[in-house]
Structures are given as C-alpha cells and as structure tokens.
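K.L.:
Have a peek at run06.txt (compact mmCIF, C-alpha atoms).
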# COMPACT_ATOMS: atom_id res chain seq x y z
CA MET Q 1 24.19 7.69 23.73
CA ALA Q 2 20.45 7.63 23.13
CA ASN Q 3 18.17 7.51 26.14
CA ASP Q 4 16.27 4.27 26.79
CA SER Q 5 13.03 6.21 26.47
CA ASP Q 6 13.59 6.27 22.71
CA SER Q 7 12.35 2.69 22.50
CA TYR Q 8 9.32 2.95 24.80
CA ASP Q 9 5.91 1.66 23.86
CA HIS Q 10 4.49 4.88 22.45
CA ALA Q 11 0.95 3.57 22.11
CA SER Q 12 0.77 2.45 25.75
CA LYS Q 13 2.20 5.71 27.05
CA LEU Q 14 -0.27 7.79 25.07
CA GLU Q 15 -3.22 5.67 26.15
CA ASN Q 16 -2.24 5.83 29.83
CA ALA Q 17 -1.69 9.56 29.69
CA ASN Q 18 -5.01 10.23 28.04
CA GLY Q 19 -7.30 7.85 29.87
CA GLY Q 20 -7.46 5.32 27.07
CA SER Q 21 -7.73 7.77 24.15
CA VAL Q 22 -4.64 8.08 21.98
CA ALA Q 23 -3.37 11.59 21.31
CA GLN Q 24 -1.92 12.77 18.03
CA LEU Q 25 1.39 11.08 17.33
CA GLU Q 26 4.60 13.07 17.64
CA ARG Q 27 6.41 14.06 14.47
CA LEU Q 28 10.04 14.49 15.50
CA GLN Q 29 13.33 14.02 13.74
CA THR Q 30 15.44 11.02 14.65
CA ALA Q 31 19.17 11.23 15.26
CA GLY Q 32 19.69 10.09 11.68
CA GLY Q 33 17.40 12.78 10.25
CA HIS Q 34 14.45 10.44 9.66
CA PRO Q 35 10.91 11.42 10.70
CA ASP Q 36 9.85 9.96 14.04
CA ASP Q 37 7.03 8.07 12.32
CA ARG Q 38 4.67 6.08 14.56
CA SER Q 39 1.74 5.75 12.18
CA GLN Q 40 2.32 1.97 12.43
CA PRO Q 41 3.13 1.52 16.15
CA ALA Q 42 4.26 -2.07 15.64
CA LEU Q 43 6.89 -0.84 13.16
CA PRO Q 44 7.85 2.63 14.43
CA VAL Q 45 10.67 4.81 13.13
CA VAL Q 46 12.33 5.74 16.43
CA HIS Q 47 15.45 7.75 17.25
CA ARG Q 48 18.44 6.09 15.61
CA SER Q 49 21.19 6.82 13.12
CA LEU Q 50 20.35 3.80 10.96
CA ALA Q 51 17.74 3.62 8.22
CA ASN Q 52 14.24 2.25 8.72
CA PRO Q 53 14.47 -1.53 8.03
CA ALA Q 54 10.70 -2.17 7.90
CA PRO Q 55 10.24 -1.43 4.16
CA LEU Q 56 12.94 -3.97 3.28
CA GLY Q 57 11.31 -6.62 5.43
CA LEU Q 58 7.80 -5.95 4.14
CA LEU Q 59 8.75 -5.70 0.46
CA SER Q 60 10.88 -8.86 0.53
CA PHE Q 61 8.03 -10.71 2.25
CA ALA Q 62 5.55 -9.38 -0.32
CA THR Q 63 7.70 -10.51 -3.23
CA GLY Q 64 8.07 -14.03 -1.83
CA ILE Q 65 4.34 -14.44 -1.22
CA PHE Q 66 3.54 -13.00 -4.65
CA LEU Q 67 5.74 -15.53 -6.42
CA ILE Q 68 4.52 -18.45 -4.29
CA SER Q 69 0.94 -17.49 -5.17
CA ILE Q 70 1.74 -17.22 -8.89
CA PHE Q 71 3.05 -20.77 -8.98
CA GLY Q 72 0.26 -21.95 -6.67
CA VAL Q 73 -2.43 -20.92 -9.15
CA GLN Q 74 -0.22 -22.11 -12.04
CA VAL Q 75 -0.18 -18.90 -14.05
CA ARG Q 76 0.65 -19.62 -17.70
CA GLY Q 77 0.52 -23.33 -16.85
CA VAL Q 78 3.77 -23.21 -14.83
CA ALA Q 79 3.46 -25.48 -11.79
CA THR Q 80 7.12 -26.30 -11.04
CA PRO Q 81 8.25 -23.75 -8.43
CA ASN Q 82 12.01 -24.35 -8.54
CA VAL Q 83 12.70 -20.92 -10.04
CA LEU Q 84 11.52 -19.49 -6.70
CA ILE Q 85 14.48 -20.89 -4.79
CA GLY Q 86 16.89 -18.02 -5.44
CA VAL Q 87 14.36 -15.29 -4.63
CA LEU Q 88 13.09 -17.02 -1.49
CA MET Q 89 16.58 -17.70 -0.16
CA PHE Q 90 18.22 -14.35 -0.82
CA PHE Q 91 15.51 -11.68 -1.02
CA GLY Q 92 12.81 -13.36 1.04
CA GLY Q 93 15.24 -15.04 3.42
CA VAL Q 94 18.52 -13.18 3.84
CA CYS Q 95 17.05 -9.70 3.36
CA GLN Q 96 14.32 -10.36 5.93
CA PHE Q 97 16.93 -11.61 8.40
CA ILE Q 98 18.92 -8.41 7.88
CA SER Q 99 15.77 -6.36 8.41
CA GLY Q 100 14.98 -8.27 11.59
CA ILE Q 101 18.48 -7.75 12.98
CA MET Q 102 18.19 -4.01 12.32
CA GLU Q 103 14.81 -3.96 14.07
CA PHE Q 104 16.46 -5.74 17.01
CA VAL Q 105 19.12 -3.04 17.18
CA SER Q 106 16.38 -0.39 17.04
CA GLY Q 107 14.57 -1.96 19.99
CA ASN Q 108 11.47 -2.95 18.01
CA THR Q 109 10.37 -6.33 19.37
CA PHE Q 110 7.61 -6.88 16.81
CA GLY Q 111 9.80 -6.31 13.76
CA ALA Q 112 12.72 -8.21 15.31
CA THR Q 113 10.42 -11.23 15.75
CA VAL Q 114 8.29 -11.18 12.61
CA PHE Q 115 10.89 -10.48 9.92
CA PRO Q 116 13.41 -13.20 10.89
CA ALA Q 117 10.52 -15.64 11.40
CA TYR Q 118 9.19 -15.21 7.87
CA GLY Q 119 12.75 -15.09 6.58
CA ALA Q 120 13.14 -18.56 8.07
CA PHE Q 121 9.83 -19.57 6.47
CA ASN Q 122 11.07 -18.56 3.02
CA LEU Q 123 14.41 -20.32 3.52
CA SER Q 124 12.79 -23.50 4.84
CA TYR Q 125 10.21 -23.54 2.04
CA ALA Q 126 12.93 -23.08 -0.58
CA MET Q 127 14.96 -25.94 0.89
CA ILE Q 128 12.10 -28.36 0.21
CA TYR Q 129 12.83 -28.05 -3.52
CA ILE Q 130 16.63 -28.16 -3.29
CA PRO Q 131 17.69 -31.72 -4.26
CA GLY Q 132 20.69 -31.68 -1.94
CA THR Q 133 18.50 -31.43 1.17
CA GLY Q 134 16.90 -34.80 0.44
CA ILE Q 135 13.48 -33.57 1.59
CA LEU Q 136 11.60 -34.40 -1.60
CA ALA Q 137 13.64 -37.57 -2.05
CA ALA Q 138 12.47 -38.82 1.34
CA TYR Q 139 8.87 -38.73 0.11
CA THR Q 140 9.54 -40.04 -3.40
CA ASP Q 141 8.98 -43.64 -4.41
CA PRO Q 142 12.34 -44.79 -5.86
CA THR Q 143 10.57 -47.19 -8.22
CA THR Q 144 7.91 -44.94 -9.74
CA GLY Q 145 9.41 -41.54 -8.97
CA GLU Q 146 6.04 -40.37 -7.65
CA LEU Q 147 5.56 -38.45 -4.41
CA SER Q 148 3.94 -40.48 -1.65
CA PRO Q 149 0.71 -39.29 0.03
CA GLN Q 150 2.77 -38.59 3.13
CA PHE Q 151 4.26 -35.55 1.45
CA SER Q 152 0.94 -33.69 1.30
CA ASN Q 153 0.22 -34.46 4.95
CA ALA Q 154 3.73 -33.46 5.97
CA LEU Q 155 3.40 -30.18 4.08
CA ALA Q 156 0.04 -29.60 5.77
CA MET Q 157 1.62 -30.04 9.22
CA TYR Q 158 4.35 -27.61 8.19
CA LEU Q 159 1.72 -25.03 7.22
CA TRP Q 160 -0.31 -25.56 10.41
CA ALA Q 161 2.79 -24.70 12.45
CA TRP Q 162 3.16 -21.44 10.53
CA PHE Q 163 -0.56 -20.78 10.88
CA ILE Q 164 -0.25 -20.90 14.68
CA LEU Q 165 2.72 -18.56 14.61
CA THR Q 166 0.96 -16.15 12.25
CA VAL Q 167 -2.08 -15.99 14.53
CA ILE Q 168 0.26 -14.93 17.34
CA PHE Q 169 1.73 -12.22 15.10
CA THR Q 170 -1.76 -11.09 14.09
CA VAL Q 171 -2.72 -10.52 17.72
CA ALA Q 172 0.54 -8.59 18.23
CA ALA Q 173 -0.39 -6.30 15.31
CA MET Q 174 -3.79 -5.35 16.73
CA ARG Q 175 -2.46 -1.97 17.87
CA SER Q 176 -0.72 -1.19 14.61
CA SER Q 177 -2.34 -0.15 11.33
CA TRP Q 178 -5.28 -1.73 9.55
CA VAL Q 179 -3.09 -2.48 6.55
CA LEU Q 180 -0.58 -4.47 8.60
CA PHE Q 181 -3.26 -6.18 10.68
CA LEU Q 182 -5.29 -7.24 7.63
CA ASP Q 183 -2.09 -8.38 5.95
CA LEU Q 184 -1.46 -10.90 8.73
CA PHE Q 185 -5.17 -11.74 9.07
CA PHE Q 186 -5.43 -12.76 5.42
CA LEU Q 187 -2.16 -14.67 5.75
CA ASP Q 188 -3.84 -16.69 8.52
CA ILE Q 189 -6.62 -17.62 6.09
CA VAL Q 190 -4.13 -18.43 3.31
CA LEU Q 191 -2.18 -20.84 5.52
CA MET Q 192 -5.38 -22.45 6.80
CA LEU Q 193 -6.75 -22.99 3.30
CA LEU Q 194 -3.47 -24.43 2.03
CA ALA Q 195 -3.08 -26.72 5.05
CA CYS Q 196 -6.64 -28.02 4.68
CA GLY Q 197 -6.15 -28.44 0.94
CA TYR Q 198 -3.04 -30.56 1.39
CA MET Q 199 -4.59 -32.64 4.19
CA LEU Q 200 -7.79 -33.32 2.23
CA ASN Q 201 -6.05 -33.52 -1.17
CA ASN Q 202 -8.44 -30.80 -2.33
CA THR Q 203 -6.98 -28.75 -5.18
CA THR Q 204 -9.82 -26.22 -4.93
CA LEU Q 205 -8.75 -25.24 -1.42
CA GLU Q 206 -5.13 -25.12 -2.53
CA LYS Q 207 -5.97 -22.80 -5.43
CA ALA Q 208 -8.17 -20.65 -3.15
CA GLY Q 209 -5.31 -20.27 -0.67
CA SER Q 210 -2.83 -19.39 -3.40
CA GLY Q 211 -5.28 -16.91 -4.94
CA LEU Q 212 -5.84 -15.19 -1.59
CA GLY Q 213 -2.07 -14.96 -1.29
CA PHE Q 214 -2.19 -12.13 -3.84
CA VAL Q 215 -4.20 -10.08 -1.32
CA VAL Q 216 -1.47 -10.70 1.26
CA ALA Q 217 1.19 -9.64 -1.25
CA ILE Q 218 -0.70 -6.44 -2.15
CA LEU Q 219 -1.16 -5.47 1.50
CA SER Q 220 2.52 -6.19 2.21
CA TYR Q 221 3.56 -4.04 -0.76
CA TRP Q 222 1.18 -1.35 0.52
CA ALA Q 223 2.69 -1.31 4.03
CA GLY Q 224 6.23 -1.46 2.67
CA THR Q 225 5.85 1.37 0.18
CA ALA Q 226 4.04 3.47 2.81
CA GLY Q 227 7.18 3.35 4.93
CA LEU Q 228 9.60 3.69 2.03
CA TRP Q 229 7.90 6.70 0.43
CA ALA Q 230 7.07 8.52 3.69
CA GLY Q 231 8.90 11.33 5.44
CA GLY Q 232 9.24 13.61 2.44
CA ILE Q 233 11.30 11.16 0.38
CA THR Q 234 8.59 11.29 -2.27
CA PRO Q 235 5.50 13.49 -2.70
CA ILE Q 236 3.39 10.32 -2.32
CA ASP Q 237 1.83 9.73 1.08
CA ILE Q 238 0.17 6.32 1.28
CA PRO Q 239 -2.29 5.95 4.19
CA VAL Q 240 -2.02 2.89 6.42
CA PHE Q 241 -5.16 3.63 8.49
CA PRO Q 242 -3.83 3.51 12.08
CA MET Q 243 -5.86 1.43 14.51
CA TYR Q 244 -6.44 4.28 16.94
CA THR Q 245 -8.59 7.40 17.11
CA GLU Q 246 -6.89 10.76 16.87
CA PRO Q 247 -8.52 13.69 18.68
CA SER Q 248 -10.56 16.01 16.49
So that I can check it, write out the structure of this file as structure tokens.
P.N.:
Amino acid sequence: MANDSDSYDHASKLENANGGSVAQLERLQTAGGHPDDRSQPALPVVHRSLANPAPLGLLSFATGIFLISIFGVQVRGVATPNVLIGVLMFFGGVCQFISGIMEFVSGNTFGATVFPAYGAFNLSYAMIYIPGTGILAAYTDPTTGELSPQFSNALAMYLWAWFILTVIFTVAAMRSSWVLFLDLFFLDIVLMLLACGYMLNNTTLEKAGSGLGFVVAILSYWAGTAGLWAGGITPIDIPVFPMYTEPS
C-alpha cells in the first residue's frame, strides 16, 4: 500500500524546506513505471499504478472549447451548433468526468475538482440544444417560433456563474505552470466577454469572446500534449514554463 506522503503538496514542502525558494523537482519513477513529473504542480504525476489522467481531461476540454469557438465565430457561415452535442456530451463531458475520478483516486484535489466541473459545463451546455430537455422551448414564442429576449439574459447568467467558478480555478492554478494558468486566465476573459455580449445583445463582444476561445483551446492542447508526450513516450518535450524558480 502506498504511503500517504505520495500525495503531499510537493510545492509547499519544497518552499518550506528551502526558505521560500523551490528546489529542483524530483524525477522518480512511480509504482506504475511513469515518471514522477511535477512540472505542473497542480496536475502532478505521483506514485500510482494507473495512467496519468490529466492529458485526457485537458485534451477533451480543448476540443470542446475549440468547437464552441468555431460555431461562435460562424466559420464557413455555420451558426447552428447542434452538431456539437455528441462531442460535448461524450468527449467533453464523460471523458472529463472519467479523468476527474482518476485524479480523485490519485489524490489530486485540483484535477479532481476542475475536470468534473468542466465536464458538467460541457454536458449542461449541450443539453440546452437537445429538444427533449425543453430548455430552448421554454424561451421560444409558440406563435412566431422566435427566441424571447429572456434567453440571452438567461444564458448570460449561466456564463457569469461559470466565470466565478473559473476565477476560483485560476487562483488555484497560480502555483502550477504558466501554460495552465494562462489557459484559465484567458477562459475568464472569454466567459466575461460572452456574458456581457449576451446581456447587452452585442454581437461584437460575442464574436470577440468566441475568437479568444481559440487561445484557450490552443493552451489546453499545449498543456495536454505536454503531459501526454512527456516521460520518454516521444522524443518531443514541450515546455510548460513552471511558475517557480529553479536553483542555478
């Protein structure tokens, strides 16, 4: 049975032991043969026999945001987002929940909180466009078939709730890597722009938020592939720029 010290806060221990300066991270082998990778302290690869679930969570999140942004800026004139439903529910939703459960088993509080949360976001967003849920029908005028102005305001409130939650996650990532921190930081801005756009009925803000979503997707792909390709699996070593100073 693995010792409880396997799931300790490595960043805090190093800082306390070195008077506030973080020493070089350990490079050990986990029980499952994976590198003990702590280059992103919020998503560490600690001692366990299971695989690292962080790449699955990050890549599924990136794919969902990428597709939402594509339809938000209406690439090729496509504005109806219903084709997103399957991807958001299964890859962006179910896969992120699986990743979060695995992070929970690994003792990683950050990953166990963030991945299921955004999995729920993808599932809840997809359900808006499923006719059986009655969500769109509740805001549709039965006579004209047009959406009422309440829908935009309701969607704005929905996005403000996720903005608050994302700000909390951004603060939690401040001791991780710059890639992960900036990923959540730009997501804050995306949600704020979209919420303001829906509240003010301003399509420019909506398009700006959707366009900035591509930055979030790229950073999520970056963080995900950095974890997936690391540890000698591939000859490619993608830097994530840790938010700490290693001794010279």
K.L.:
May I ask for the distance between atom CA of Leu219 of chain Q and atom CA of Asp183 of chain Q, given in Å to one decimal place?
P.N.:
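Between atom CA of Leu219 of chain Q and atom CA of Asp183 of chain Q the gap is 5.4 Å.
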K.L.:
Nearest to Val73 of chain Q: which of Q:Trp229, Q:Ser220, Q:Tyr244, Q:Gly213 is it, counting all atoms listed in the file?
P.N.:
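Nearest candidate to Val73 of chain Q out of Q:Trp229, Q:Ser220, Q:Tyr244, Q:Gly213: Q:Gly213.
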K.L.:
Using all atoms listed in the file, which of Q:Asn153, Q:Thr166, Q:Ser99, Q:Ser177 sits nearest Asn201 of chain Q?
P.N.:
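Looking only at the distances to Asn201 of chain Q, the closest residue turns out to be Q:Asn153.
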K.L.:
Near Ala172 of chain Q, counting only C-alpha atoms, which residues have an atom at most 12 Å away, once you skip same-chain residues fewer than 2 positions from it, shown as a PyMOL selection string?
P.N.:
chain Q and resi 41-43+109-111+113-114+165-170+174-177+180-181+184-185
K.L.:
Can you tell me how far atom CA of Lys207 of chain Q sits from atom CA of Gly72 of chain Q, in Å to one decimal?
P.N.:
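Computed distance, atom CA of Lys207 of chain Q to atom CA of Gly72 of chain Q, equals 6.4 Å.
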K.L.:
Can you work out which one of Q:Ala217, Q:Cys95, Q:Ile189, Q:Ala137 has the shortest atom-to-atom distance to Leu67 of chain Q, counting all atoms listed in the file?
P.N.:
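Nearest to Leu67 of chain Q: Q:Ala217.
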K.L.:
Which residue, Q:Phe186, Q:Tyr129, Q:Phe104, Q:Trp162, has the smallest gap to Ala54 of chain Q when you use all atoms listed in the file?
P.N.:
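Residue with the minimum atom-to-atom distance to Ala54 of chain Q: Q:Phe104.
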K.L.:
Hey, which of Q:Leu159, Q:Ala226, Q:Ala126, Q:Ile218 ends up closest to Glu206 of chain Q? Count only C-alpha atoms.
P.N.:
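Residue with the minimum atom-to-atom distance to Glu206 of chain Q: Q:Leu159.
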K.L.:
Using all atoms listed in the file, collect all residues at a distance of at most 12 Å from (8.8, 2.8, 2.1) as written in the file, then present them as number ranges by chain.
P.N.:
Q: 37, 43, 45, 51-60, 220-234, 236-240
K.L.:
With C-alpha atoms retained, could you export that selection as a short mmCIF file (atom, residue, chain, number, x, y, z; two decimals), in the frame of the given file?
P.N.:
data_model
loop_
_atom_site.label_atom_id
_atom_site.label_comp_id
_atom_site.auth_asym_id
_atom_site.auth_seq_id
_atom_site.Cartn_x
_atom_site.Cartn_y
_atom_site.Cartn_z
CA ASP Q 37 7.03 8.07 12.32
CA LEU Q 43 6.89 -0.84 13.16
CA VAL Q 45 10.67 4.81 13.13
CA ALA Q 51 17.74 3.62 8.22
CA ASN Q 52 14.24 2.25 8.72
CA PRO Q 53 14.47 -1.53 8.03
CA ALA Q 54 10.70 -2.17 7.90
CA PRO Q 55 10.24 -1.43 4.16
CA LEU Q 56 12.94 -3.97 3.28
CA GLY Q 57 11.31 -6.62 5.43
CA LEU Q 58 7.80 -5.95 4.14
CA LEU Q 59 8.75 -5.70 0.46
CA SER Q 60 10.88 -8.86 0.53
CA SER Q 220 2.52 -6.19 2.21
CA TYR Q 221 3.56 -4.04 -0.76
CA TRP Q 222 1.18 -1.35 0.52
CA ALA Q 223 2.69 -1.31 4.03
CA GLY Q 224 6.23 -1.46 2.67
CA THR Q 225 5.85 1.37 0.18
CA ALA Q 226 4.04 3.47 2.81
CA GLY Q 227 7.18 3.35 4.93
CA LEU Q 228 9.60 3.69 2.03
CA TRP Q 229 7.90 6.70 0.43
CA ALA Q 230 7.07 8.52 3.69
CA GLY Q 231 8.90 11.33 5.44
CA GLY Q 232 9.24 13.61 2.44
CA ILE Q 233 11.30 11.16 0.38
CA THR Q 234 8.59 11.29 -2.27
CA ILE Q 236 3.39 10.32 -2.32
CA ASP Q 237 1.83 9.73 1.08
CA ILE Q 238 0.17 6.32 1.28
CA PRO Q 239 -2.29 5.95 4.19
CA VAL Q 240 -2.02 2.89 6.42
#
K.L.:
Have a look at atom CA of Leu194 of chain Q and atom CA of Gly209 of chain Q and let me know their distance in Å, one decimal.
P.N.:
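Computed distance, atom CA of Leu194 of chain Q to atom CA of Gly209 of chain Q, equals 5.3 Å.
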K.L.:
Fewer than 3 positions away in the same chain doesn't count, so skip those; otherwise give me all residues within 10 Å of Met157 of chain Q, counting only C-alpha atoms, as an NGL selection string.
P.N.:
:Q and (151-154 or 160-163 or 195-196 or 198-199)
K.L.:
Calculated over all atoms listed in the file, which of the candidates Q:Ile135, Q:Val179, Q:Val75, Q:Phe121 has the smallest distance to Val216 of chain Q?
P.N.:
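The answer is Q:Val179, which sits nearest to Val216 of chain Q.
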K.L.:
Extract, using only C-alpha atoms, all DNA, RNA and protein residues at most 10 Å from Ala138 of chain Q, discarding same-chain residues fewer than 5 positions from it, and format them as a count of residues only.
P.N.:
5
K.L.:
Skipping near chain neighbours, those fewer than 4 positions away, what residues fall within 12 Å of Asn82 of chain Q using all atoms listed in the file, listed as JSON, numbers by chain?
P.N.:
{"Q": [67, 68, 71, 78, 86, 87, 88, 89, 125, 126, 127, 128, 129, 130, 131]}
K.L.:
Which polymer residues have any atom within 6 Å of an atom of Gly100 of chain Q, counting all atoms listed in the file, with same-chain residues fewer than 6 positions away left out, as a list in words?
P.N.:
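Counting only the stated atoms, we get Gly111, Ala112, Phe115 and Pro116 of chain Q.
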K.L.:
With C-alpha atoms kept, could you save the residues just selected as a PDB file, in the frame of the given file?
P.N.:
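Contents of selection21.pdb, as written:
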ATOM      1  CA  GLY Q 111       9.800  -6.310  13.760  1.00  0.00           C
ATOM      2  CA  ALA Q 112      12.720  -8.210  15.310  1.00  0.00           C
ATOM      3  CA  PHE Q 115      10.890 -10.480   9.920  1.00  0.00           C
ATOM      4  CA  PRO Q 116      13.410 -13.200  10.890  1.00  0.00           C
TER       5      PRO Q 116
END
K.L.:
Listed atoms of segment 135-140 of chain Q, axis-aligned box, 6 Å per side: centre and edge lengths to one decimal in Å, as lines of an AutoDock Vina configuration file?
P.N.:
center_x = 11.3
center_y = -36.8
center_z = -0.9
size_x = 16.8
size_y = 18.5
size_z = 17.0
K.L.:
Kindly reconstruct segment 142-153 of chain Q with all heavy atoms and present the result as a CSV table (one decimal), in the coordinates of the input.
P.N.:
chain,number,residue,atom,x,y,z
Q,142,PRO,N,11.2,-44.6,-5.0
Q,142,PRO,CA,12.3,-44.8,-5.9
Q,142,PRO,C,12.0,-45.6,-7.1
Q,142,PRO,O,12.7,-45.5,-8.1
Q,142,PRO,CB,13.3,-45.6,-5.0
Q,142,PRO,CG,12.5,-46.2,-3.9
Q,142,PRO,CD,11.3,-45.3,-3.7
Q,143,THR,N,10.9,-46.3,-7.1
Q,143,THR,CA,10.6,-47.2,-8.2
Q,143,THR,C,9.8,-46.4,-9.3
Q,143,THR,O,10.1,-46.4,-10.5
Q,143,THR,CB,9.7,-48.4,-7.8
Q,143,THR,OG1,10.4,-49.1,-6.8
Q,143,THR,CG2,9.4,-49.3,-9.0
Q,144,THR,N,8.8,-45.7,-8.8
Q,144,THR,CA,7.9,-44.9,-9.7
Q,144,THR,C,8.3,-43.5,-9.9
Q,144,THR,O,7.9,-42.8,-10.9
Q,144,THR,CB,6.4,-45.0,-9.3
Q,144,THR,OG1,6.3,-44.4,-8.0
Q,144,THR,CG2,6.0,-46.5,-9.1
Q,145,GLY,N,9.0,-43.0,-8.9
Q,145,GLY,CA,9.4,-41.5,-9.0
Q,145,GLY,C,8.3,-40.6,-8.6
Q,145,GLY,O,8.4,-39.4,-8.7
Q,146,GLU,N,7.2,-41.2,-8.1
Q,146,GLU,CA,6.0,-40.4,-7.6
Q,146,GLU,C,6.1,-40.0,-6.2
Q,146,GLU,O,6.7,-40.8,-5.4
Q,146,GLU,CB,4.7,-41.1,-7.9
Q,146,GLU,CG,4.5,-41.5,-9.4
Q,146,GLU,CD,4.1,-40.2,-10.2
Q,146,GLU,OE1,3.6,-39.2,-9.6
Q,146,GLU,OE2,4.4,-40.2,-11.4
Q,147,LEU,N,5.6,-38.9,-5.8
Q,147,LEU,CA,5.6,-38.4,-4.4
Q,147,LEU,C,4.5,-39.3,-3.7
Q,147,LEU,O,3.4,-39.5,-4.2
Q,147,LEU,CB,5.2,-37.0,-4.3
Q,147,LEU,CG,6.3,-36.0,-4.7
Q,147,LEU,CD1,5.7,-34.6,-4.7
Q,147,LEU,CD2,7.5,-36.1,-3.7
Q,148,SER,N,4.9,-39.7,-2.5
Q,148,SER,CA,3.9,-40.5,-1.6
Q,148,SER,C,2.9,-39.6,-1.0
Q,148,SER,O,3.1,-38.4,-0.9
Q,148,SER,CB,4.7,-41.2,-0.5
Q,148,SER,OG,5.2,-40.3,0.4
Q,149,PRO,N,1.7,-40.1,-0.6
Q,149,PRO,CA,0.7,-39.3,0.0
Q,149,PRO,C,1.2,-38.6,1.3
Q,149,PRO,O,0.6,-37.6,1.8
Q,149,PRO,CB,-0.4,-40.3,0.3
Q,149,PRO,CG,-0.2,-41.4,-0.7
Q,149,PRO,CD,1.3,-41.5,-0.9
Q,150,GLN,N,2.2,-39.2,1.9
Q,150,GLN,CA,2.8,-38.6,3.1
Q,150,GLN,C,3.3,-37.2,2.9
Q,150,GLN,O,3.2,-36.4,3.8
Q,150,GLN,CB,3.9,-39.4,3.7
Q,150,GLN,CG,3.5,-40.8,4.3
Q,150,GLN,CD,4.7,-41.5,4.9
Q,150,GLN,OE1,5.5,-40.8,5.6
Q,150,GLN,NE2,4.8,-42.8,4.8
Q,151,PHE,N,3.7,-36.9,1.7
Q,151,PHE,CA,4.3,-35.6,1.4
Q,151,PHE,C,3.2,-34.5,1.6
Q,151,PHE,O,3.5,-33.4,2.3
Q,151,PHE,CB,4.8,-35.5,0.0
Q,151,PHE,CG,5.4,-34.1,-0.3
Q,151,PHE,CD1,6.5,-33.6,0.2
Q,151,PHE,CD2,4.7,-33.3,-1.2
Q,151,PHE,CE1,7.0,-32.4,-0.1
Q,151,PHE,CE2,5.1,-32.0,-1.5
Q,151,PHE,CZ,6.3,-31.6,-0.9
Q,152,SER,N,2.0,-34.7,1.1
Q,152,SER,CA,0.9,-33.7,1.3
Q,152,SER,C,0.6,-33.5,2.8
Q,152,SER,O,0.4,-32.4,3.2
Q,152,SER,CB,-0.3,-34.1,0.5
Q,152,SER,OG,-0.1,-34.1,-0.9
Q,153,ASN,N,0.5,-34.6,3.5
Q,153,ASN,CA,0.2,-34.5,5.0
Q,153,ASN,C,1.4,-33.8,5.7
Q,153,ASN,O,1.1,-33.0,6.6
Q,153,ASN,CB,-0.1,-35.8,5.5
Q,153,ASN,CG,-1.4,-36.4,5.1
Q,153,ASN,OD1,-2.4,-35.7,5.0
Q,153,ASN,ND2,-1.4,-37.7,4.8
